[in-house]
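Single-structure report; data block below.
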Protein chains: 2
Amino acid sequence: MATIYEVSKLAGVSLATVSRVTNNNTRVSDKTRKKVVDAMAELAYRPNSIAQSLASNRSNSIGVMVSELNGPFFGQMMAGIEKELREAGKHVIITTGQSKEDKEKDGIEFLLSRNCDALIVHIEALSDEYLRGLNEGDTPVYFMSRTVEGLQNNCINLNNELGGYLATQTLIEQGHKQVAYIAGPQFKPDSKDRFLGHKRALKESNIAFDPDLYFEGDFKCAGGQNGIKSLLNKRKIFSALVCANDEMASGAMTFAREHGIKLPEELSIVGFDNIIFSQHLYPKLTTVDYPVFEMGQMAAKLVLKNVYHQNKLQITHFFEPTLITRDSVSSLYK
Amino acid sequence: MATIYEVSKLAGVSLATVSRVTNNNTRVSDKTRKKVVDAMAELAYRPNSIAQSLASNRSNSIGVMVSELNGPFFGQMMAGIEKELREAGKHVIITTGQSKEDKEKDGIEFLLSRNCDALIVHIEALSDEYLRGLNEGDTPVYFMSRTVEGLQNNCINLNNELGGYLATQTLIEQGHKQVAYIAGPQFKPDSKDRFLGHKRALKESNIAFDPDLYFEGDFKCAGGQNGIKSLLNKRKIFSALVCANDEMASGAMTFAREHGIKLPEELSIVGFDNIIFSQHLYPKLTTVDYPVFEMGQMAAKLVLKNVYHQNKLQITHFFEPTLITRDSVSSLYK
DNA sequence: TTGTAGGCGTTATCAT
DNA sequence: ATGATAACGCCTACAA
């Protein structure tokens with residue numbers, strides 16, 4: 001691989017001049033520029049980005065940590081981040097945190113050890129306090145789907161409360177009064193907020209919250225199955241069910257159908273996230289759209305703006321979910 | 001951030017000695033090692049990996065290109081690759097090729113520009129010839145789900161023909177004789193091989209291949225819908241349908257149900273890939289398992305072995321698919 | 001076992 | 001506008 005030195009020799013100019021044309025910072029006369037460009041072409045020169053990084057103290061790569069690489073939700077998130085960063089010529093280094101405290105710490109260290117210019121992370125286990133400490137370091141850290149107290153400007157999040165509200169409210173609108181709820185793990189702020197939204201919708205329609213119609217799941221398919229099973233066992237009547245994410249909704253649907261419950265006639269179900277396969281379910285799932293692709297893009301823009309000084313970028317820190325109406329809700333009015 | 005120089009000063013030894021303990025290559029006396037380690041701890045020293053890369057001509061990062069980041073198939077692939085590489089302390093730089101020739105070229109260039117020690121790529125549009133040329137460069141390239149003529153040792157692939165055979169054969173076993181087939185794009189070798197397997201199973205049971213029961217789809221949901229629609233319009237009878245991947249199977253199922261076809265009683269369906277949501281479909285999809293996670297891991301191992309000289313690693317270049325029997329196939333014998 | 005010194009390929013600060 | 005030259009932080013013969 002040709003080096004900048006060889007280019008300078010062939011072009012008959014100094015190293016500095018070659019460097020100037022690759023970075024076209026300073027003015028170079030058209031004549032010398034052409035000489036340099038030609039020499040580069042002839043030698044098929046490609047700057048060594050490692051050397052550039054060392055000299056400039058910029059790696060032009062940003063670290064991304066998500067809970068898992070498979071799974072439709074994180075796929076969308078990654079895709080949004082990568083698209084935006086790639087277009088800006090920044091490299092994405094990726095790793096997983098698996099929602100576990102030690103793994104998340106390790107992952108961050110791992111990313112930091114590669115001299116990333118910034119981190120974009122989706123963290124579930126680590127505390128706000130830890131994250132604030134982390135941000136003291138010399139690598140700025142940005143947070144997806146989380147609002148860290150005191151670091152709001154580094155966060156991109158969704159209005160989960162509103163989402164929870166919308167899910168329940170559409171059911172009430174269709175005449176449902178006994179609405180069961182399968183929540184996500186309540187130590188997670190987003191799970192909590194969705195549940196809050198659910199209760200607000202109930203309250204708004206003067207429906208008392210019934211603890212017997214509540215189950216705390218795990219955001220997995222199994223959580224949905226266990227949830228509906230437990231709910232059914234209580235022998236209370238409910239005509240509708242909100243699941244705090246689509247995977248649990250899928251699990252609940254499967255279980256319900258296997259136990260002879262007709263969907264949506266005998267039970268209406270609403271999910272959350274609008275992951276791709278929610279539209280492949282039967283019946284097609286009515287759910288709350290989580291614009292995670294756009295949010296990923298936004299996190300990337302935030303980095304481009306703050307770290308790489310692309311100042312004209314417009315940042316939205318807080319996104320609003322929307323209801324996607326499909327076939328899994330039946331009206332009690334028809 | 002403390003440098004190796006400061007550590008050496010604090011420990012009262014030379015730069016070289018410090019370097020030796022971080023890389024614990026050469027022998028260092030326990031006493032000096034302790035001094036150095038202590039100094040490192042005191043200064044919270046972390047080697048600058050960029051500088052290491054420059055000096056050693058090893059970036060310890062490997063570039064990965066997949067068609068897309070979302071989508072369950074690539075998620076699994078990435079996960080397998082990342083897990084293995086992460087455990088080996090190697091960084092994964094990721095990008096997408098979108099199955100388009102120019103994007104794939106760009107993606108490769110992008111990765112190469114970051115001085116990756118190796119590339120693992122899933123390429124669909126670029127020709128074997130191009131890839132052979134690519135491999136002449138000084139960065140070794142490894143291929144997922146593809147067998148490049150002349151570079152077999154750099155490839156990890158699946159026996160797609162066998163998979164196609166298994167899918168059709170299980171249907172025949174259950175008494176189906178009119179088996180329709182929705183293929184993937186035939187310019188893709190894996191689509192072609194799966195179709196070959198289908199025909200072999202037919203032939204083995206002395207069933208003539210009927211072009212009217214064939215449709216070429218796009219591996220997307222829409223392909224499944226269009227496929228079954230077209231098939232149905234021909235007014236030929238078929239009791240079973242093989243789709244060359246699960247997404248098309250999902251599309252076909254949705255369409256069938258919307259047109260009053262009872263699944264699986266009136267139509268048996270088999271998919272391919274065994275992506276996560278195939279078990280959430282209704283009925284749960286019988287499909288051919290594509291061990292893509294393991295294959296991702298294997299590609300990573302291949303890199304570890306060839307590039308980082310972890311010689312004891314055992315490599316399998318060619319994986320066998322297996323049939324996953326679920327609920328979408330009905331027997332004609334009962 | 002430990003130290004010295006040159007080199008990795010750039011960028012950036014001065015001069016000119 | 002262009003050129004010298006010192007960093008950047010580390011690795012690695014080669015010496016001692």
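Chain identifiers are assigned as A, B, and so on, following the order in which chains appear in the structure tokens; residues are numbered from 1 within each chain, and ligands are numbered from 1 in order of appearance.
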Could you pull the residues within 12 Å of DT5 in chain D, counting only C-alpha atoms (C1' of nucleotides), minus those fewer than 4 positions along the same chain, as a PDB file with N, CA and C atoms (P, O5', C5', C4', C3', O3' and C1' of nucleotides), in the first residue's frame?
ATOM      1  N   SER A  14       5.677  18.303  -0.827  1.00  0.00           N
ATOM      2  CA  SER A  14       5.959  17.820   0.521  1.00  0.00           C
ATOM      3  C   SER A  14       4.794  17.001   1.070  1.00  0.00           C
ATOM      4  N   LEU A  15       5.085  16.282   2.118  1.00  0.00           N
ATOM      5  CA  LEU A  15       4.055  15.525   2.827  1.00  0.00           C
ATOM      6  C   LEU A  15       2.875  16.411   3.175  1.00  0.00           C
ATOM      7  N   ALA A  16       3.202  17.550   3.705  1.00  0.00           N
ATOM      8  CA  ALA A  16       2.164  18.456   4.191  1.00  0.00           C
ATOM      9  C   ALA A  16       1.163  18.783   3.093  1.00  0.00           C
TER      10      ALA A  16
ATOM     11  P    DT C  11      -3.787  13.048   7.325  1.00  0.00           P
ATOM     12  O5'  DT C  11      -3.459  13.856   8.679  1.00  0.00           O
ATOM     13  C5'  DT C  11      -4.138  13.512   9.882  1.00  0.00           C
ATOM     14  C4'  DT C  11      -3.675  14.427  10.999  1.00  0.00           C
ATOM     15  C3'  DT C  11      -3.960  15.910  10.761  1.00  0.00           C
ATOM     16  O3'  DT C  11      -4.424  16.453  11.990  1.00  0.00           O
ATOM     17  C1'  DT C  11      -1.646  15.584  11.159  1.00  0.00           C
ATOM     18  P    DA C  12      -4.988  17.922  12.073  1.00  0.00           P
ATOM     19  O5'  DA C  12      -3.749  18.727  12.660  1.00  0.00           O
ATOM     20  C5'  DA C  12      -3.109  18.278  13.854  1.00  0.00           C
ATOM     21  C4'  DA C  12      -2.012  19.252  14.224  1.00  0.00           C
ATOM     22  C3'  DA C  12      -2.345  20.709  13.898  1.00  0.00           C
ATOM     23  O3'  DA C  12      -1.702  21.533  14.873  1.00  0.00           O
ATOM     24  C1'  DA C  12      -0.472  20.057  12.655  1.00  0.00           C
ATOM     25  P    DT C  13      -2.223  23.029  15.052  1.00  0.00           P
ATOM     26  O5'  DT C  13      -0.911  23.745  15.606  1.00  0.00           O
ATOM     27  C5'  DT C  13       0.079  22.964  16.287  1.00  0.00           C
ATOM     28  C4'  DT C  13       1.463  23.494  15.978  1.00  0.00           C
ATOM     29  C3'  DT C  13       1.489  25.006  15.734  1.00  0.00           C
ATOM     30  O3'  DT C  13       2.590  25.579  16.441  1.00  0.00           O
ATOM     31  C1'  DT C  13       2.510  23.890  13.934  1.00  0.00           C
ATOM     32  P    DC C  14       2.442  27.068  17.079  1.00  0.00           P
ATOM     33  O5'  DC C  14       3.745  27.805  16.528  1.00  0.00           O
ATOM     34  C5'  DC C  14       3.875  27.919  15.130  1.00  0.00           C
ATOM     35  C4'  DC C  14       5.242  27.476  14.698  1.00  0.00           C
ATOM     36  C3'  DC C  14       5.982  28.595  13.994  1.00  0.00           C
ATOM     37  O3'  DC C  14       7.274  28.776  14.561  1.00  0.00           O
ATOM     38  C1'  DC C  14       5.640  26.709  12.527  1.00  0.00           C
ATOM     39  P    DA C  15       7.773  30.289  14.638  1.00  0.00           P
ATOM     40  O5'  DA C  15       8.881  30.282  13.490  1.00  0.00           O
ATOM     41  C5'  DA C  15       8.483  30.435  12.176  1.00  0.00           C
ATOM     42  C4'  DA C  15       9.335  29.601  11.250  1.00  0.00           C
ATOM     43  C3'  DA C  15       9.951  30.443  10.141  1.00  0.00           C
ATOM     44  O3'  DA C  15      11.235  29.975   9.790  1.00  0.00           O
ATOM     45  C1'  DA C  15       8.328  28.916   9.245  1.00  0.00           C
TER      46       DA C  15
END
Exercise. For chain B against chain D, which residues fall within 8 Å using only C-alpha atoms (C1' of nucleotides), given as an MDAnalysis selection string?
Worked result: chainID B and resid 3:4 19 48 51:52 54:56
Would you export the selected residues with N, CA and C atoms as a PDB file, in the first residue's frame, please?
ATOM      1  N   THR B   3      -0.232   7.664  29.280  1.00  0.00           N
ATOM      2  CA  THR B   3       0.429   6.944  28.197  1.00  0.00           C
ATOM      3  C   THR B   3       1.424   5.944  28.768  1.00  0.00           C
ATOM      4  N   ILE B   4       1.929   5.155  27.876  1.00  0.00           N
ATOM      5  CA  ILE B   4       2.887   4.137  28.289  1.00  0.00           C
ATOM      6  C   ILE B   4       4.137   4.799  28.873  1.00  0.00           C
ATOM      7  N   SER B  19       5.553  -2.210  27.645  1.00  0.00           N
ATOM      8  CA  SER B  19       4.947  -2.845  26.489  1.00  0.00           C
ATOM      9  C   SER B  19       4.945  -4.359  26.655  1.00  0.00           C
ATOM     10  N   ASN B  48      -3.516   2.667  24.204  1.00  0.00           N
ATOM     11  CA  ASN B  48      -4.209   3.290  23.082  1.00  0.00           C
ATOM     12  C   ASN B  48      -4.188   2.313  21.907  1.00  0.00           C
ATOM     13  N   ALA B  51      -2.793   3.432  18.525  1.00  0.00           N
ATOM     14  CA  ALA B  51      -1.336   3.431  18.431  1.00  0.00           C
ATOM     15  C   ALA B  51      -0.808   2.006  18.306  1.00  0.00           C
ATOM     16  N   GLN B  52      -1.423   1.112  19.051  1.00  0.00           N
ATOM     17  CA  GLN B  52      -1.025  -0.289  18.935  1.00  0.00           C
ATOM     18  C   GLN B  52      -1.193  -0.773  17.504  1.00  0.00           C
ATOM     19  N   LEU B  54      -1.279   0.918  14.760  1.00  0.00           N
ATOM     20  CA  LEU B  54      -0.340   1.529  13.832  1.00  0.00           C
ATOM     21  C   LEU B  54       1.031   0.866  13.919  1.00  0.00           C
ATOM     22  N   ALA B  55       1.456   0.659  15.151  1.00  0.00           N
ATOM     23  CA  ALA B  55       2.788   0.098  15.342  1.00  0.00           C
ATOM     24  C   ALA B  55       2.856  -1.376  14.948  1.00  0.00           C
ATOM     25  N   SER B  56       1.773  -2.086  15.216  1.00  0.00           N
ATOM     26  CA  SER B  56       1.827  -3.528  14.990  1.00  0.00           C
ATOM     27  C   SER B  56       1.252  -3.942  13.645  1.00  0.00           C
TER      28      SER B  56
END
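Using only C-alpha atoms (C1' of nucleotides), the part of chain C that sits within 10 Å of chain B is made up of DT1, DT2, DG3, DT4, DG7, DC8 and DG9 of chain C.
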Deliver the residues from the most recent selection as a file, using N, CA and C atoms (P, O5', C5', C4', C3', O3' and C1' of nucleotides), as a tab-separated table (two decimals), in the first residue's frame.
chain	number	residue	atom	x	y	z
C	1	DT	P	13.90	-14.02	31.76
C	1	DT	O5'	13.86	-12.53	32.31
C	1	DT	C5'	14.14	-12.26	33.65
C	1	DT	C4'	14.84	-10.95	33.69
C	1	DT	C3'	13.92	-9.74	33.41
C	1	DT	O3'	14.10	-8.80	34.46
C	1	DT	C1'	15.86	-9.65	32.03
C	2	DT	P	13.21	-7.50	34.55
C	2	DT	O5'	13.91	-6.49	33.56
C	2	DT	C5'	15.04	-5.76	34.02
C	2	DT	C4'	15.62	-4.95	32.90
C	2	DT	C3'	14.75	-3.80	32.39
C	2	DT	O3'	15.34	-2.59	32.83
C	2	DT	C1'	15.89	-4.92	30.64
C	3	DG	P	14.59	-1.20	32.46
C	3	DG	O5'	15.47	-0.70	31.23
C	3	DG	C5'	16.88	-0.62	31.38
C	3	DG	C4'	17.52	-0.14	30.11
C	3	DG	C3'	16.90	1.12	29.51
C	3	DG	O3'	17.95	1.97	29.08
C	3	DG	C1'	16.90	-0.62	27.89
C	4	DT	P	17.61	3.42	28.54
C	4	DT	O5'	17.99	3.32	27.00
C	4	DT	C5'	19.11	2.52	26.61
C	4	DT	C4'	19.33	2.67	25.12
C	4	DT	C3'	18.81	3.99	24.53
C	4	DT	O3'	19.72	4.41	23.52
C	4	DT	C1'	17.70	2.17	23.49
C	7	DG	P	14.45	4.22	10.94
C	7	DG	O5'	12.94	3.71	11.03
C	7	DG	C5'	12.71	2.31	11.29
C	7	DG	C4'	11.23	2.09	11.46
C	7	DG	C3'	10.34	2.93	10.51
C	7	DG	O3'	9.38	2.07	9.95
C	7	DG	C1'	9.66	3.24	12.75
C	8	DC	P	8.62	2.49	8.60
C	8	DC	O5'	7.11	2.31	9.00
C	8	DC	C5'	6.63	1.13	9.64
C	8	DC	C4'	5.27	1.45	10.22
C	8	DC	C3'	4.55	2.55	9.46
C	8	DC	O3'	3.66	1.97	8.51
C	8	DC	C1'	4.38	2.83	11.86
C	9	DG	P	3.76	2.45	6.95
C	9	DG	O5'	2.79	3.71	6.93
C	9	DG	C5'	1.42	3.51	7.27
C	9	DG	C4'	0.78	4.85	7.53
C	9	DG	C3'	0.93	5.85	6.38
C	9	DG	O3'	-0.34	6.40	6.14
C	9	DG	C1'	1.64	6.82	8.40
Problem set entry | Within 9 Å of chain A: residues of chain B, using only C-alpha atoms, as a PyMOL selection string | chain B and resi 1+46-51+53-54+59+61+68-79+82-83+86+89+91-96+110-111+113-115+138+221+250-251+253-254+276-277+280-282
For this session: Would you return as a list in words the members of range 83-175 of chain B that DSSP assigns to strand (DSSP E) on this structure's backbone?
Result: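 Matching residues for strand (DSSP E) in range 83-175 of chain B are His91, Val92, Ile93, Ile94, Thr95, Thr96, Ala118, Leu119, Ile120, Val121, Val141, Tyr142, Phe143, Met144, Cys155, Ile156, Asn157 and Leu158 of chain B.
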Can those selected residues be exported to a file as an mmCIF file, in the first residue's frame so that it contains N, CA and C atoms?
data_model
loop_
_atom_site.group_PDB
_atom_site.id
_atom_site.type_symbol
_atom_site.label_atom_id
_atom_site.label_comp_id
_atom_site.auth_asym_id
_atom_site.auth_seq_id
_atom_site.Cartn_x
_atom_site.Cartn_y
_atom_site.Cartn_z
ATOM 1 N N HIS B 91 -12.759 -6.436 17.591
ATOM 2 C CA HIS B 91 -13.855 -5.507 17.365
ATOM 3 C C HIS B 91 -14.534 -5.768 16.030
ATOM 4 N N VAL B 92 -15.839 -5.583 16.025
ATOM 5 C CA VAL B 92 -16.614 -5.807 14.814
ATOM 6 C C VAL B 92 -17.094 -4.477 14.253
ATOM 7 N N ILE B 93 -16.693 -4.202 13.034
ATOM 8 C CA ILE B 93 -17.183 -3.005 12.359
ATOM 9 C C ILE B 93 -18.200 -3.460 11.339
ATOM 10 N N ILE B 94 -19.341 -2.807 11.365
ATOM 11 C CA ILE B 94 -20.450 -3.349 10.621
ATOM 12 C C ILE B 94 -20.950 -2.397 9.548
ATOM 13 N N THR B 95 -21.402 -2.962 8.460
ATOM 14 C CA THR B 95 -22.054 -2.120 7.460
ATOM 15 C C THR B 95 -22.990 -2.970 6.606
ATOM 16 N N THR B 96 -23.758 -2.302 5.759
ATOM 17 C CA THR B 96 -24.745 -3.040 4.965
ATOM 18 C C THR B 96 -24.467 -2.918 3.471
ATOM 19 N N ALA B 118 -9.561 -8.432 8.576
ATOM 20 C CA ALA B 118 -10.258 -9.369 7.698
ATOM 21 C C ALA B 118 -11.687 -8.887 7.514
ATOM 22 N N LEU B 119 -12.333 -9.413 6.495
ATOM 23 C CA LEU B 119 -13.732 -9.089 6.251
ATOM 24 C C LEU B 119 -14.558 -10.371 6.265
ATOM 25 N N ILE B 120 -15.742 -10.276 6.837
ATOM 26 C CA ILE B 120 -16.716 -11.358 6.698
ATOM 27 C C ILE B 120 -17.919 -10.739 6.012
ATOM 28 N N VAL B 121 -18.258 -11.238 4.858
ATOM 29 C CA VAL B 121 -19.310 -10.570 4.100
ATOM 30 C C VAL B 121 -20.377 -11.533 3.594
ATOM 31 N N VAL B 141 -10.722 -11.987 2.766
ATOM 32 C CA VAL B 141 -12.173 -11.845 2.802
ATOM 33 C C VAL B 141 -12.827 -13.216 2.936
ATOM 34 N N TYR B 142 -13.810 -13.304 3.809
ATOM 35 C CA TYR B 142 -14.522 -14.557 4.035
ATOM 36 C C TYR B 142 -15.994 -14.382 3.708
ATOM 37 N N PHE B 143 -16.576 -15.442 3.189
ATOM 38 C CA PHE B 143 -17.929 -15.324 2.654
ATOM 39 C C PHE B 143 -18.947 -16.171 3.403
ATOM 40 N N MET B 144 -20.027 -15.523 3.761
ATOM 41 C CA MET B 144 -21.124 -16.207 4.444
ATOM 42 C C MET B 144 -22.181 -16.614 3.425
ATOM 43 N N CYS B 155 -15.154 -19.856 2.519
ATOM 44 C CA CYS B 155 -16.609 -19.805 2.512
ATOM 45 C C CYS B 155 -17.240 -20.673 3.593
ATOM 46 N N ILE B 156 -18.353 -20.171 4.131
ATOM 47 C CA ILE B 156 -19.191 -20.960 5.033
ATOM 48 C C ILE B 156 -20.561 -21.008 4.377
ATOM 49 N N ASN B 157 -21.026 -22.181 4.097
ATOM 50 C CA ASN B 157 -22.287 -22.254 3.369
ATOM 51 C C ASN B 157 -23.163 -23.394 3.874
ATOM 52 N N LEU B 158 -24.399 -23.355 3.403
ATOM 53 C CA LEU B 158 -25.387 -24.355 3.781
ATOM 54 C C LEU B 158 -25.689 -25.246 2.590
#
Exercise. Hey, can you check how far CA of Met40 in chain A sits from CA of Lys9 in chain A?
Worked result: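 CA of Lys9 in chain A lies 10.8 Å from CA of Met40 in chain A.
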